[in-house]
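The file target.cif contains mmCIF, C-alpha atoms and all ligand atoms:
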```cif
data_entry
#
loop_
_atom_site.label_atom_id
_atom_site.label_comp_id
_atom_site.auth_asym_id
_atom_site.auth_seq_id
_atom_site.Cartn_x
_atom_site.Cartn_y
_atom_site.Cartn_z
CA MET A 1 0.00 0.00 0.00
CA ASN A 2 1.34 3.41 -0.86
CA GLU A 3 -1.42 6.00 -0.83
CA ARG A 4 -0.43 9.58 -1.45
CA VAL A 5 -1.43 12.85 -3.02
CA ILE A 6 0.28 13.23 -6.40
CA ALA A 7 1.19 16.69 -7.60
CA PRO A 8 1.92 17.36 -11.28
CA LYS A 9 5.65 18.18 -11.28
CA SER A 10 7.10 18.70 -14.72
CA ARG A 11 10.21 19.58 -16.67
CA GLY A 12 9.01 20.97 -19.97
CA PHE A 13 6.50 18.50 -21.38
CA LEU A 14 7.78 15.64 -19.20
CA PHE A 15 6.13 14.92 -15.87
CA LEU A 16 7.92 13.12 -13.07
CA ASP A 17 4.85 11.29 -11.74
CA SER A 18 1.57 10.15 -13.13
CA HIS A 19 -1.87 9.84 -11.58
CA PRO A 20 -3.44 6.33 -11.45
CA GLY A 21 -6.99 7.67 -11.02
CA GLY A 22 -6.70 10.10 -13.92
CA CYS A 23 -5.12 7.47 -16.16
CA ARG A 24 -7.94 5.06 -15.38
CA GLN A 25 -10.61 7.62 -16.11
CA LEU A 26 -9.01 8.53 -19.45
CA VAL A 27 -8.96 4.89 -20.50
CA GLU A 28 -12.65 4.60 -19.56
CA GLU A 29 -13.38 7.75 -21.59
CA MET A 30 -11.62 6.27 -24.61
CA TRP A 31 -13.62 3.04 -24.29
CA ARG A 32 -16.90 5.00 -24.14
CA ALA A 33 -15.87 6.96 -27.25
CA VAL A 34 -15.88 3.77 -29.34
CA PRO A 35 -19.15 3.39 -31.24
CA ALA A 36 -20.86 0.10 -30.47
CA ALA A 37 -20.60 -2.62 -33.09
CA PRO A 38 -22.45 -5.91 -33.32
CA ALA A 39 -20.81 -8.60 -31.18
CA PRO A 40 -18.35 -10.74 -33.15
CA ALA A 41 -19.96 -13.76 -34.77
CA GLY A 42 -19.46 -17.11 -33.02
CA GLY A 43 -18.80 -15.64 -29.57
CA GLU A 44 -15.00 -15.61 -29.70
CA GLY A 45 -13.36 -12.57 -31.21
CA PRO A 46 -10.33 -12.60 -33.49
CA VAL A 47 -6.86 -12.85 -31.93
CA ALA A 48 -4.78 -9.68 -32.06
CA LEU A 49 -1.34 -8.56 -30.96
CA VAL A 50 -0.81 -4.84 -30.34
CA ILE A 51 2.80 -3.74 -29.94
CA GLY A 52 3.06 -0.39 -28.14
CA SER A 53 -0.29 -0.93 -26.38
CA SER A 54 0.05 1.47 -23.43
CA ALA A 55 0.13 4.94 -25.00
CA GLY A 56 -0.87 7.08 -27.95
CA TYR A 57 -1.97 5.27 -31.07
CA GLY A 58 -1.20 1.77 -29.74
CA LEU A 59 -3.45 2.33 -26.72
CA ALA A 60 -6.15 3.57 -29.08
CA ALA A 61 -5.64 0.42 -31.20
CA THR A 62 -6.01 -1.78 -28.12
CA ILE A 63 -9.14 -0.08 -26.77
CA ALA A 64 -10.85 0.27 -30.17
CA GLY A 65 -10.03 -3.37 -30.94
CA LEU A 66 -11.39 -4.59 -27.60
CA ALA A 67 -14.52 -2.44 -27.58
CA ARG A 68 -15.51 -2.58 -31.25
CA VAL A 69 -14.07 -5.76 -32.71
CA GLY A 70 -14.09 -7.89 -29.56
CA ILE A 71 -10.46 -8.90 -30.03
CA ARG A 72 -8.74 -11.35 -27.70
CA GLY A 73 -4.99 -11.51 -27.44
CA ILE A 74 -1.91 -9.71 -26.25
CA GLY A 75 -0.65 -6.16 -25.74
CA VAL A 76 3.08 -5.49 -25.49
CA CYS A 77 4.58 -2.31 -24.04
CA PHE A 78 7.52 -1.00 -22.07
CA GLU A 79 6.55 0.66 -18.78
CA LYS A 80 8.04 1.29 -15.36
CA ALA A 81 6.53 -0.14 -12.19
CA PRO A 82 5.77 2.11 -9.21
CA ALA A 83 8.87 2.50 -7.01
CA ARG A 84 10.18 5.68 -5.38
CA ARG A 85 8.21 7.63 -8.00
CA THR A 86 4.80 6.53 -9.23
CA GLY A 87 4.59 4.01 -12.05
CA THR A 88 4.61 5.43 -15.56
CA ALA A 89 1.27 6.54 -16.93
CA GLY A 90 1.33 3.60 -19.34
CA TRP A 91 1.57 1.24 -16.38
CA TYR A 92 -1.67 2.61 -14.94
CA ARG A 93 -3.40 2.82 -18.33
CA THR A 94 -2.53 -0.84 -18.90
CA ALA A 95 -4.02 -1.83 -15.53
CA ALA A 96 -7.19 0.14 -16.41
CA THR A 97 -7.43 -1.35 -19.91
CA ALA A 98 -7.03 -4.88 -18.54
CA ARG A 99 -9.80 -4.23 -16.03
CA LEU A 100 -12.19 -3.05 -18.73
CA ALA A 101 -11.27 -5.99 -20.97
CA ARG A 102 -12.06 -8.38 -18.12
CA GLN A 103 -15.35 -6.65 -17.36
CA HIS A 104 -16.38 -7.05 -20.99
CA GLY A 105 -15.33 -10.69 -21.12
CA ARG A 106 -12.36 -10.22 -23.47
CA ASP A 107 -9.39 -12.52 -22.87
CA PHE A 108 -6.60 -9.98 -23.28
CA VAL A 109 -3.22 -10.03 -21.52
CA PHE A 110 -0.37 -7.53 -21.31
CA LEU A 111 3.37 -8.20 -21.40
CA ASN A 112 5.79 -5.59 -20.15
CA GLY A 113 9.21 -5.65 -21.76
CA ASP A 114 11.31 -4.92 -24.81
CA ALA A 115 9.38 -5.67 -28.01
CA PHE A 116 12.63 -5.54 -29.97
CA SER A 117 14.02 -8.56 -28.14
CA ASP A 118 13.59 -12.17 -29.23
CA THR A 119 12.75 -13.06 -25.62
CA MET A 120 9.56 -11.03 -25.94
CA LYS A 121 8.79 -12.63 -29.30
CA GLU A 122 9.19 -16.07 -27.74
CA GLN A 123 6.92 -15.15 -24.84
CA VAL A 124 4.23 -13.94 -27.25
CA ALA A 125 4.59 -17.07 -29.39
CA GLY A 126 4.24 -19.23 -26.25
CA LEU A 127 1.08 -17.42 -25.17
CA LEU A 128 -0.41 -17.67 -28.65
CA VAL A 129 0.05 -21.45 -28.56
CA GLU A 130 -1.08 -22.02 -24.98
CA ARG A 131 -3.95 -19.61 -24.78
CA PHE A 132 -5.11 -18.39 -28.17
CA GLY A 133 -5.29 -21.50 -30.33
CA GLY A 134 -1.94 -20.87 -32.02
CA ARG A 135 -3.33 -18.44 -34.58
CA LEU A 136 -2.91 -14.70 -34.81
CA ASP A 137 -5.40 -12.78 -36.96
CA TYR A 138 -4.12 -9.21 -36.53
CA LEU A 139 -0.94 -7.41 -35.55
CA VAL A 140 -0.87 -3.64 -35.00
CA TYR A 141 2.63 -2.20 -34.68
CA SER A 142 2.77 1.16 -32.90
CA VAL A 143 6.13 1.45 -31.19
CA ALA A 144 7.90 4.78 -30.71
CA ALA A 145 11.26 4.23 -29.07
CA PRO A 146 14.59 6.00 -28.77
CA ARG A 147 16.76 2.86 -29.05
CA ARG A 148 16.73 -0.68 -30.39
CA THR A 149 19.17 -3.53 -29.83
CA ASP A 150 19.35 -5.86 -32.80
CA PRO A 151 19.01 -9.41 -31.40
CA ASP A 152 21.24 -10.87 -34.16
CA THR A 153 24.26 -8.63 -33.66
CA GLY A 154 23.76 -7.15 -30.19
CA THR A 155 24.29 -3.68 -31.71
CA THR A 156 22.24 -0.91 -30.10
CA TYR A 157 20.97 1.80 -32.43
CA ALA A 158 19.75 5.24 -31.35
CA SER A 159 17.19 7.29 -33.26
CA VAL A 160 17.56 11.07 -33.64
CA LEU A 161 15.21 13.82 -34.76
CA LYS A 162 17.31 15.83 -37.20
CA PRO A 163 16.92 17.45 -40.59
CA ILE A 164 18.91 16.03 -43.48
CA GLY A 165 21.39 18.17 -45.45
CA SER A 166 21.32 21.53 -43.69
CA PRO A 167 20.47 22.97 -40.28
CA TYR A 168 16.81 23.68 -39.73
CA THR A 169 15.44 26.62 -37.81
CA THR A 170 11.84 26.38 -36.70
CA LYS A 171 9.50 28.25 -34.47
CA THR A 172 8.61 26.23 -31.43
CA LEU A 173 6.30 26.50 -28.45
CA VAL A 174 7.53 26.28 -24.87
CA PHE A 175 6.06 27.28 -21.54
CA ASP A 176 8.11 29.24 -19.00
CA GLU A 177 8.25 28.35 -15.31
CA GLN A 178 5.05 30.26 -14.61
CA GLY A 179 3.33 28.39 -17.44
CA ALA A 180 3.29 31.38 -19.81
CA PRO A 181 3.61 30.41 -23.48
CA GLU A 182 6.64 31.46 -25.47
CA VAL A 183 7.16 31.14 -29.20
CA LYS A 184 10.89 30.76 -29.77
CA GLU A 185 13.19 29.77 -32.57
CA VAL A 186 15.29 26.65 -32.28
CA THR A 187 17.90 25.43 -34.71
CA THR A 188 18.63 21.74 -35.12
CA ALA A 189 21.90 20.65 -36.70
CA PRO A 190 21.61 18.25 -39.64
CA ALA A 191 22.16 14.52 -39.44
CA GLU A 192 25.80 13.51 -39.45
CA GLY A 193 27.73 10.27 -39.59
CA ASP A 194 25.33 7.34 -39.54
CA ASP A 195 22.43 9.23 -37.88
CA ILE A 196 20.06 8.34 -40.72
CA GLU A 197 20.92 4.62 -40.72
CA GLN A 198 20.66 4.48 -36.92
CA THR A 199 17.22 6.12 -36.94
CA VAL A 200 16.03 3.78 -39.68
CA GLU A 201 17.26 0.80 -37.63
CA VAL A 202 15.10 1.90 -34.69
CA MET A 203 11.97 3.38 -36.27
CA GLY A 204 11.98 1.70 -39.72
CA GLY A 205 10.43 -1.65 -40.55
CA ALA A 206 13.16 -4.05 -39.30
CA ASP A 207 11.50 -5.10 -36.06
CA TRP A 208 7.98 -5.24 -37.53
CA GLU A 209 9.29 -7.59 -40.22
CA ARG A 210 11.16 -9.64 -37.59
CA TRP A 211 7.91 -10.14 -35.66
CA ILE A 212 6.09 -11.34 -38.77
CA THR A 213 8.92 -13.68 -39.79
CA PHE A 214 9.25 -15.02 -36.24
CA LEU A 215 5.54 -15.83 -35.99
CA ALA A 216 5.26 -17.10 -39.58
CA GLU A 217 8.15 -19.54 -39.05
CA ARG A 218 6.25 -21.02 -36.12
CA SER A 219 3.04 -21.23 -38.19
CA LEU A 220 1.25 -18.86 -35.84
CA LEU A 221 -0.27 -16.56 -38.46
CA ALA A 222 -3.87 -17.35 -39.44
CA GLU A 223 -5.14 -17.50 -43.02
CA GLY A 224 -6.06 -13.96 -44.01
CA PHE A 225 -3.74 -12.49 -41.32
CA ALA A 226 -3.59 -8.67 -41.53
CA THR A 227 -1.06 -6.27 -40.05
CA ALA A 228 -0.73 -2.50 -39.89
CA ALA A 229 2.16 -0.29 -38.73
CA LEU A 230 1.64 3.33 -37.86
CA SER A 231 3.18 6.07 -39.97
CA TYR A 232 3.08 9.86 -40.30
CA ILE A 233 3.48 12.32 -43.16
CA GLY A 234 2.47 15.67 -41.69
CA SER A 235 2.47 19.25 -42.83
CA PRO A 236 4.92 21.14 -45.08
CA LEU A 237 5.49 23.27 -41.94
CA THR A 238 7.16 20.35 -40.17
CA ALA A 239 8.49 18.51 -43.24
CA ALA A 240 12.16 19.49 -42.81
CA ILE A 241 12.31 17.99 -39.33
CA TYR A 242 9.79 15.20 -39.88
CA ARG A 243 9.08 13.67 -43.26
CA GLN A 244 12.28 14.89 -44.93
CA GLY A 245 14.32 14.37 -41.78
CA THR A 246 15.85 11.30 -40.18
CA ILE A 247 12.49 10.07 -38.79
CA GLY A 248 10.96 10.50 -42.26
CA ALA A 249 13.69 8.23 -43.68
CA ALA A 250 12.62 5.64 -41.11
CA LYS A 251 8.94 6.06 -42.08
CA SER A 252 9.84 5.58 -45.77
CA HIS A 253 11.63 2.38 -44.77
CA LEU A 254 8.56 1.26 -42.81
CA GLU A 255 6.35 1.89 -45.84
CA THR A 256 8.74 -0.01 -48.15
CA THR A 257 8.72 -2.87 -45.63
CA ALA A 258 4.91 -2.85 -45.74
CA ARG A 259 4.86 -3.32 -49.49
CA ALA A 260 7.31 -6.26 -49.29
CA LEU A 261 5.39 -7.86 -46.41
CA ASP A 262 2.10 -7.34 -48.22
CA GLU A 263 3.38 -9.28 -51.21
CA ARG A 264 4.76 -12.06 -49.03
CA LEU A 265 1.65 -12.41 -46.86
CA GLY A 266 -0.61 -12.18 -49.90
CA LYS A 267 1.15 -15.16 -51.49
CA THR A 268 1.45 -17.32 -48.38
CA LEU A 269 -1.72 -16.65 -46.39
CA GLY A 270 -3.97 -14.45 -48.47
CA GLY A 271 -2.94 -11.83 -45.89
CA ARG A 272 -2.25 -8.11 -45.93
CA ALA A 273 0.34 -5.66 -44.58
CA VAL A 274 -0.25 -1.92 -44.72
CA THR A 275 0.97 1.23 -43.08
CA SER A 276 -1.63 3.48 -41.55
CA VAL A 277 -0.81 7.16 -41.90
CA ASN A 278 -2.33 8.79 -38.84
CA ALA A 279 -2.75 12.42 -37.98
CA ALA A 280 -0.84 14.59 -35.54
CA ALA A 281 -1.71 13.92 -31.91
CA VAL A 282 -0.28 15.01 -28.59
CA THR A 283 1.73 12.05 -27.30
CA GLN A 284 4.90 11.67 -25.29
CA SER A 285 6.80 10.94 -28.49
CA SER A 286 5.34 13.73 -30.62
CA THR A 287 5.94 16.50 -28.10
CA ALA A 288 9.68 15.69 -28.27
CA ILE A 289 9.81 16.80 -31.95
CA PRO A 290 10.90 20.44 -32.43
CA GLY A 291 7.99 22.57 -33.73
CA ILE A 292 5.32 19.88 -33.30
CA ALA A 293 3.85 21.39 -30.12
CA LEU A 294 3.35 24.72 -31.91
CA TYR A 295 1.97 22.99 -34.98
CA VAL A 296 -0.55 20.86 -33.06
CA GLY A 297 -1.65 23.83 -30.93
CA LEU A 298 -2.31 25.86 -34.10
CA LEU A 299 -4.01 22.93 -35.80
CA ARG A 300 -6.41 22.73 -32.86
CA GLY A 301 -6.87 26.51 -33.04
CA VAL A 302 -8.02 26.09 -36.66
CA LEU A 303 -10.05 22.90 -36.32
CA GLY A 304 -11.32 22.81 -32.74
CA ASP A 305 -13.43 19.71 -32.11
CA ALA A 306 -13.22 18.74 -35.78
CA MET A 307 -9.84 17.15 -34.98
CA VAL A 308 -10.26 13.39 -34.94
CA ALA A 309 -8.76 11.90 -31.76
CA PRO A 310 -6.58 8.76 -32.01
CA ILE A 311 -9.44 6.56 -30.75
CA GLY A 312 -11.69 7.71 -33.63
CA GLN A 313 -8.93 7.10 -36.16
CA LEU A 314 -8.29 3.62 -34.79
CA VAL A 315 -11.97 2.68 -34.99
CA GLU A 316 -11.71 3.47 -38.69
CA LEU A 317 -8.49 1.45 -39.04
CA TRP A 318 -10.08 -1.61 -37.39
CA ASP A 319 -13.13 -1.31 -39.62
CA GLN A 320 -10.85 -1.38 -42.65
CA LEU A 321 -8.63 -4.20 -41.34
CA THR A 322 -11.59 -6.42 -40.47
CA GLY A 323 -13.41 -5.69 -43.73
CA ALA A 324 -16.35 -3.99 -42.00
CA ARG A 325 -15.48 -1.24 -44.47
CA PRO A 326 -13.40 -1.66 -47.62
CA LEU A 327 -9.65 -1.16 -47.26
CA ASP A 328 -9.08 2.32 -48.68
CA LEU A 329 -5.45 2.73 -49.80
CA ASP A 330 -3.60 5.63 -51.42
CA ASP A 331 -1.35 5.22 -54.49
CA GLU A 332 1.46 4.02 -52.26
CA GLY A 333 -0.63 1.36 -50.55
CA ARG A 334 -1.21 3.26 -47.29
CA VAL A 335 -4.40 3.67 -45.26
CA ARG A 336 -4.88 7.42 -44.86
CA LEU A 337 -6.43 8.59 -41.61
CA ASP A 338 -4.81 12.02 -41.90
CA THR A 339 -6.84 13.50 -44.75
CA TRP A 340 -8.61 15.98 -42.47
CA GLU A 341 -5.23 17.25 -41.21
CA LEU A 342 -3.67 17.59 -44.65
CA ASP A 343 -6.72 19.19 -46.25
CA PRO A 344 -5.30 22.18 -48.23
CA ALA A 345 -7.69 24.71 -46.63
CA VAL A 346 -6.72 23.51 -43.14
CA GLN A 347 -3.01 23.58 -43.97
CA SER A 348 -3.22 27.06 -45.43
CA ALA A 349 -5.03 28.37 -42.33
CA VAL A 350 -2.42 26.76 -40.05
CA ALA A 351 0.42 28.21 -42.19
CA ASP A 352 -1.08 31.73 -41.92
CA ARG A 353 -1.23 31.46 -38.15
CA TRP A 354 2.26 29.93 -37.99
CA SER A 355 3.78 32.88 -39.87
CA THR A 356 2.32 35.48 -37.49
CA ALA A 357 2.70 33.48 -34.25
CA THR A 358 4.71 35.24 -31.53
CA SER A 359 4.68 34.97 -27.75
CA ASP A 360 2.14 37.83 -27.75
CA THR A 361 -0.24 36.48 -30.39
CA ILE A 362 -0.05 32.73 -29.73
CA GLY A 363 -2.86 32.86 -27.17
CA GLU A 364 -5.33 33.88 -29.88
CA LEU A 365 -3.95 31.72 -32.67
CA ALA A 366 -3.53 28.38 -30.93
CA ASP A 367 -5.74 26.47 -28.52
CA LEU A 368 -3.22 26.52 -25.69
CA ALA A 369 -5.63 25.48 -22.95
CA TRP A 370 -6.43 22.34 -24.93
CA PHE A 371 -2.77 21.67 -25.70
CA SER A 372 -1.61 22.05 -22.08
CA ASP A 373 -4.45 19.85 -20.88
CA GLU A 374 -3.57 17.21 -23.48
CA VAL A 375 0.04 17.17 -22.25
CA ARG A 376 -1.10 16.86 -18.63
CA ARG A 377 -3.59 14.15 -19.56
CA LEU A 378 -0.70 12.06 -20.91
CA TYR A 379 0.14 11.63 -17.21
CA GLY A 380 -3.40 11.43 -15.86
CA PHE A 381 -3.71 15.08 -14.79
CA SER A 382 -6.37 17.61 -15.89
CA VAL A 383 -9.02 14.90 -16.01
CA PRO A 384 -12.43 16.30 -15.04
CA GLY A 385 -14.00 14.56 -12.06
CA VAL A 386 -10.72 13.40 -10.48
CA ASP A 387 -10.02 14.79 -7.02
CA TYR A 388 -6.33 15.63 -7.15
CA THR A 389 -6.26 16.70 -3.49
CA ALA A 390 -7.13 13.16 -2.36
CA ALA A 391 -4.52 10.47 -1.64
CA VAL A 392 -4.50 7.70 -4.21
CA GLU A 393 -3.00 4.20 -4.23
CA THR A 394 0.10 4.16 -6.43
CA GLU A 395 1.05 0.47 -5.94
CA VAL A 396 -1.19 -0.77 -8.71
CA PRO A 397 -0.20 -4.31 -9.78
CA TRP A 398 0.50 -5.27 -13.39
CA PRO A 399 -2.54 -7.20 -14.66
CA PRO A 400 -1.97 -10.91 -13.97
CA LEU A 401 -1.67 -13.35 -16.88
CA THR A 402 -4.10 -15.75 -15.25
CA SER A 403 -7.71 -15.02 -16.13
N1 LIG B 501 1.82 11.08 -32.19
C1 LIG B 501 1.63 11.43 -33.44
O1 LIG B 501 1.35 12.59 -33.76
C2 LIG B 501 1.65 10.34 -34.50
C3 LIG B 501 1.02 10.60 -35.72
C4 LIG B 501 1.01 9.59 -36.70
C5 LIG B 501 1.66 8.39 -36.46
N2 LIG B 501 2.30 8.20 -35.27
C6 LIG B 501 3.01 6.91 -35.09
O2 LIG B 501 2.38 6.13 -34.10
C7 LIG B 501 3.35 5.24 -33.54
C8 LIG B 501 3.28 5.35 -32.02
O3 LIG B 501 3.59 6.68 -31.64
P1 LIG B 501 2.88 7.41 -30.42
O4 LIG B 501 3.01 8.87 -30.67
O5 LIG B 501 1.54 6.80 -30.19
O6 LIG B 501 3.91 7.01 -29.25
P2 LIG B 501 3.75 6.92 -27.65
O7 LIG B 501 5.04 7.41 -27.11
O8 LIG B 501 2.49 7.56 -27.21
O9 LIG B 501 3.63 5.33 -27.40
C9 LIG B 501 4.71 4.47 -27.69
C10 LIG B 501 4.37 3.06 -27.23
O10 LIG B 501 5.49 2.22 -27.54
C11 LIG B 501 5.83 1.48 -26.39
N3 LIG B 501 7.26 1.15 -26.45
C12 LIG B 501 8.31 2.00 -26.55
N4 LIG B 501 9.45 1.29 -26.60
C13 LIG B 501 9.12 -0.02 -26.53
C14 LIG B 501 9.85 -1.22 -26.52
N5 LIG B 501 11.18 -1.24 -26.64
N6 LIG B 501 9.17 -2.38 -26.39
C15 LIG B 501 7.82 -2.40 -26.26
N7 LIG B 501 7.07 -1.29 -26.31
C16 LIG B 501 7.72 -0.11 -26.43
C17 LIG B 501 5.46 2.36 -25.21
O11 LIG B 501 5.35 1.58 -24.01
C18 LIG B 501 4.13 2.91 -25.72
O12 LIG B 501 3.12 1.96 -25.51
C19 LIG B 501 4.71 5.65 -34.10
O13 LIG B 501 5.02 4.81 -35.19
C20 LIG B 501 4.44 7.07 -34.58
O14 LIG B 501 5.32 7.47 -35.60
C21 LIG B 501 2.28 9.13 -34.26
#
```

Represent the structure from my file as structure tokens, please.
Amino acid sequence: MNERVIAPKSRGFLFLDSHPGGCRQLVEEMWRAVPAAPAPAGGEGPVALVIGSSAGYGLAATIAGLARVGIRGIGVCFEKAPARRTGTAGWYRTAATARLARQHGRDFVFLNGDAFSDTMKEQVAGLLVERFGGRLDYLVYSVAAPRRTDPDTGTTYASVLKPIGSPYTTKTLVFDEQGAPEVKEVTTAPAEGDDIEQTVEVMGGADWERWITFLAERSLLAEGFATAALSYIGSPLTAAIYRQGTIGAAKSHLETTARALDERLGKTLGGRAVTSVNAAAVTQSSTAIPGIALYVGLLRGVLGDAMVAPIGQLVELWDQLTGARPLDLDDEGRVRLDTWELDPAVQSAVADRWSTATSDTIGELADLAWFSDEVRRLYGFSVPGVDYTAAVETEVPWPPLTS
């Protein structure tokens, strides 16, 4: 037992602690946001593996899959248990998701560890055999990580967020110690040495492909197996640091991997592999990208509630993966859930605001209250209805594997 009052202490967009009650309520909110669908035929839902299940788009994939498709299966993520500090927010969100899954009769378990390792792949394979009939129907790959160790060579690669070719200066949004917004300029030096290759090794398609090969070799992929990995294109305003930068090189590699996997799975199992290009969202990973906080704040200023939250986008992705709606691919074979973000009228309105944004004008141009709340909500703070003055139990156990 370790009950205490948890205050939101932060350094920039990173918070030192997270709030179990707020995290739980947010997960419940996401579940309620999923439109009801008819129960899966035959009682038992399809078997799914979600990699990166505790945050951002992977959490949305898990909750939308559980609530709408009735998936059974496994979520994999990398979270820290409560110790001197609270557990990570993803730890508490996982506990809350498992609870909801149980309540709704879905057999869904969570594994905490390094998805890039073969040990984790073996654990998943073992569970698929023992518990889920040895057949996986869906795999959603939504990992965002700073490092990956290649199990074959033992080499550890580190991803960087840098432009390619020349330095890039962008406006960016920060908050000072009193919480006042500042629009500043930051310059990021271009990739050097093997920065691009290293980033591709972490955030490209290598590990996704390794998962598929690992499971295929053990005959654990069902006929008609379908897999999707998350990608991003984004605005011309962020292109130099994102799509044309080191992370963009990794996304291109992921998309090339998808096309190769699609051909392979099509031939062997009548299966599919696609990337899903999702829209900008406030997540722990996205707020680390220079300029993205400003961009997302302005995007919200332009669109307001017309922004589609990750849970809404993932409902659409599941509908396309399961065939409830036809798979709608662009010329490069990608599902596009970002069309509302990249709409030319929206982009031109955001670009206008971007060009005039200063510390003095940002309050009118961007939805800063929404943005700050979204950042705090990543850690379970700013959730309506939660009493933050009350002590709360932080020693929440990881959901047990036994049902
Ligand atoms: N956030 C955006 O704006 C945005 C937009 C479009 C696409 N995407 C893509 O969505 C994917 C997920 O990004 P996000 O923003 O949701 O990230 P996030 O930081 O919110 O979540 C990352 C997830 O990966 C897990 N993870 C990290 N390292 C791991 C490891 N070694 N082993 C197992 N799990 C690990 C974390 O536990 C967490 O569940 C990425 O491919 C990203 O490019 C993000």

Taking all atoms listed in the file into account, which of A:Thr322, A:Asn2, A:Ser18, A:Thr199 comes nearest Ala249 in chain A? A:Thr199

Set out as JSON lines a contact list for chain A and ligand LIG 501 (chain B) with a cut-off of 7 Å, giving each residue of chain A that qualifies its closest atom pair and distance in Å to one decimal, counting all atoms listed in the file, ordered by chain and rising residue number.
```
{"residue": "A:Ile51", "atom": "CA", "partner": "B:LIG501", "partner_atom": "N7", "distance": 6.1}
{"residue": "A:Gly52", "atom": "CA", "partner": "B:LIG501", "partner_atom": "O12", "distance": 3.5}
{"residue": "A:Ser53", "atom": "CA", "partner": "B:LIG501", "partner_atom": "O12", "distance": 4.6}
{"residue": "A:Ser54", "atom": "CA", "partner": "B:LIG501", "partner_atom": "O12", "distance": 3.7}
{"residue": "A:Ala55", "atom": "CA", "partner": "B:LIG501", "partner_atom": "O8", "distance": 4.2}
{"residue": "A:Gly56", "atom": "CA", "partner": "B:LIG501", "partner_atom": "O5", "distance": 3.3}
{"residue": "A:Tyr57", "atom": "CA", "partner": "B:LIG501", "partner_atom": "O5", "distance": 3.9}
{"residue": "A:Gly58", "atom": "CA", "partner": "B:LIG501", "partner_atom": "O5", "distance": 5.7}
{"residue": "A:Leu59", "atom": "CA", "partner": "B:LIG501", "partner_atom": "O12", "distance": 6.7}
{"residue": "A:Val76", "atom": "CA", "partner": "B:LIG501", "partner_atom": "C15", "distance": 5.7}
{"residue": "A:Cys77", "atom": "CA", "partner": "B:LIG501", "partner_atom": "N7", "distance": 3.5}
{"residue": "A:Phe78", "atom": "CA", "partner": "B:LIG501", "partner_atom": "O11", "distance": 3.9}
{"residue": "A:Glu79", "atom": "CA", "partner": "B:LIG501", "partner_atom": "O11", "distance": 5.4}
{"residue": "A:Gly90", "atom": "CA", "partner": "B:LIG501", "partner_atom": "O11", "distance": 6.5}
{"residue": "A:Gly113", "atom": "CA", "partner": "B:LIG501", "partner_atom": "N6", "distance": 5.7}
{"residue": "A:Asp114", "atom": "CA", "partner": "B:LIG501", "partner_atom": "N6", "distance": 3.7}
{"residue": "A:Ala115", "atom": "CA", "partner": "B:LIG501", "partner_atom": "N6", "distance": 3.7}
{"residue": "A:Phe116", "atom": "CA", "partner": "B:LIG501", "partner_atom": "N5", "distance": 5.6}
{"residue": "A:Ser142", "atom": "CA", "partner": "B:LIG501", "partner_atom": "C7", "distance": 4.2}
{"residue": "A:Val143", "atom": "CA", "partner": "B:LIG501", "partner_atom": "O10", "distance": 3.8}
{"residue": "A:Ala144", "atom": "CA", "partner": "B:LIG501", "partner_atom": "C9", "distance": 4.4}
{"residue": "A:Ala145", "atom": "CA", "partner": "B:LIG501", "partner_atom": "N4", "distance": 4.2}
{"residue": "A:Arg148", "atom": "CA", "partner": "B:LIG501", "partner_atom": "N5", "distance": 6.7}
{"residue": "A:Ala229", "atom": "CA", "partner": "B:LIG501", "partner_atom": "O13", "distance": 6.8}
{"residue": "A:Leu230", "atom": "CA", "partner": "B:LIG501", "partner_atom": "O13", "distance": 4.6}
{"residue": "A:Ser231", "atom": "CA", "partner": "B:LIG501", "partner_atom": "C5", "distance": 4.5}
{"residue": "A:Tyr232", "atom": "CA", "partner": "B:LIG501", "partner_atom": "C4", "distance": 4.2}
{"residue": "A:Val277", "atom": "CA", "partner": "B:LIG501", "partner_atom": "C4", "distance": 6.0}
{"residue": "A:Asn278", "atom": "CA", "partner": "B:LIG501", "partner_atom": "C4", "distance": 4.0}
{"residue": "A:Ala279", "atom": "CA", "partner": "B:LIG501", "partner_atom": "C3", "distance": 4.8}
{"residue": "A:Ala280", "atom": "CA", "partner": "B:LIG501", "partner_atom": "O1", "distance": 3.5}
{"residue": "A:Ala281", "atom": "CA", "partner": "B:LIG501", "partner_atom": "O1", "distance": 3.8}
{"residue": "A:Val282", "atom": "CA", "partner": "B:LIG501", "partner_atom": "N1", "distance": 5.7}
{"residue": "A:Thr283", "atom": "CA", "partner": "B:LIG501", "partner_atom": "O8", "distance": 4.6}
{"residue": "A:Gln284", "atom": "CA", "partner": "B:LIG501", "partner_atom": "O7", "distance": 4.6}
{"residue": "A:Ser285", "atom": "CA", "partner": "B:LIG501", "partner_atom": "O7", "distance": 4.2}
{"residue": "A:Ser286", "atom": "CA", "partner": "B:LIG501", "partner_atom": "N1", "distance": 4.7}
```

For Gly21 in chain A, which of A:Leu220, A:Val392, A:Ile362, A:Ala95 is the closest residue, counting all atoms listed in the file?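 Looking at the shortest contact to Gly21 in chain A, the residue is A:Val392.
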
Tell me, in Å to one decimal, how far CA of Glu29 in chain A is from CA of Tyr92 in chain A.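 Result for CA of Glu29 in chain A versus CA of Tyr92 in chain A: 14.4 Å, one decimal.
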
Taking only C-alpha atoms into account, name the residue in A:Ser159, A:Thr227, A:Thr97, A:Ser219 that is nearest to Glu197 in chain A.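 Nearest candidate to Glu197 in chain A out of A:Ser159, A:Thr227, A:Thr97, A:Ser219: A:Ser159.
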
Which protein, DNA or RNA residues have an atom at most 9 Å from (-5.3, 3.3, -47.2), counting all atoms listed in the file? List them as a ChimeraX atom specification. /A:274-277,317,320,327-337
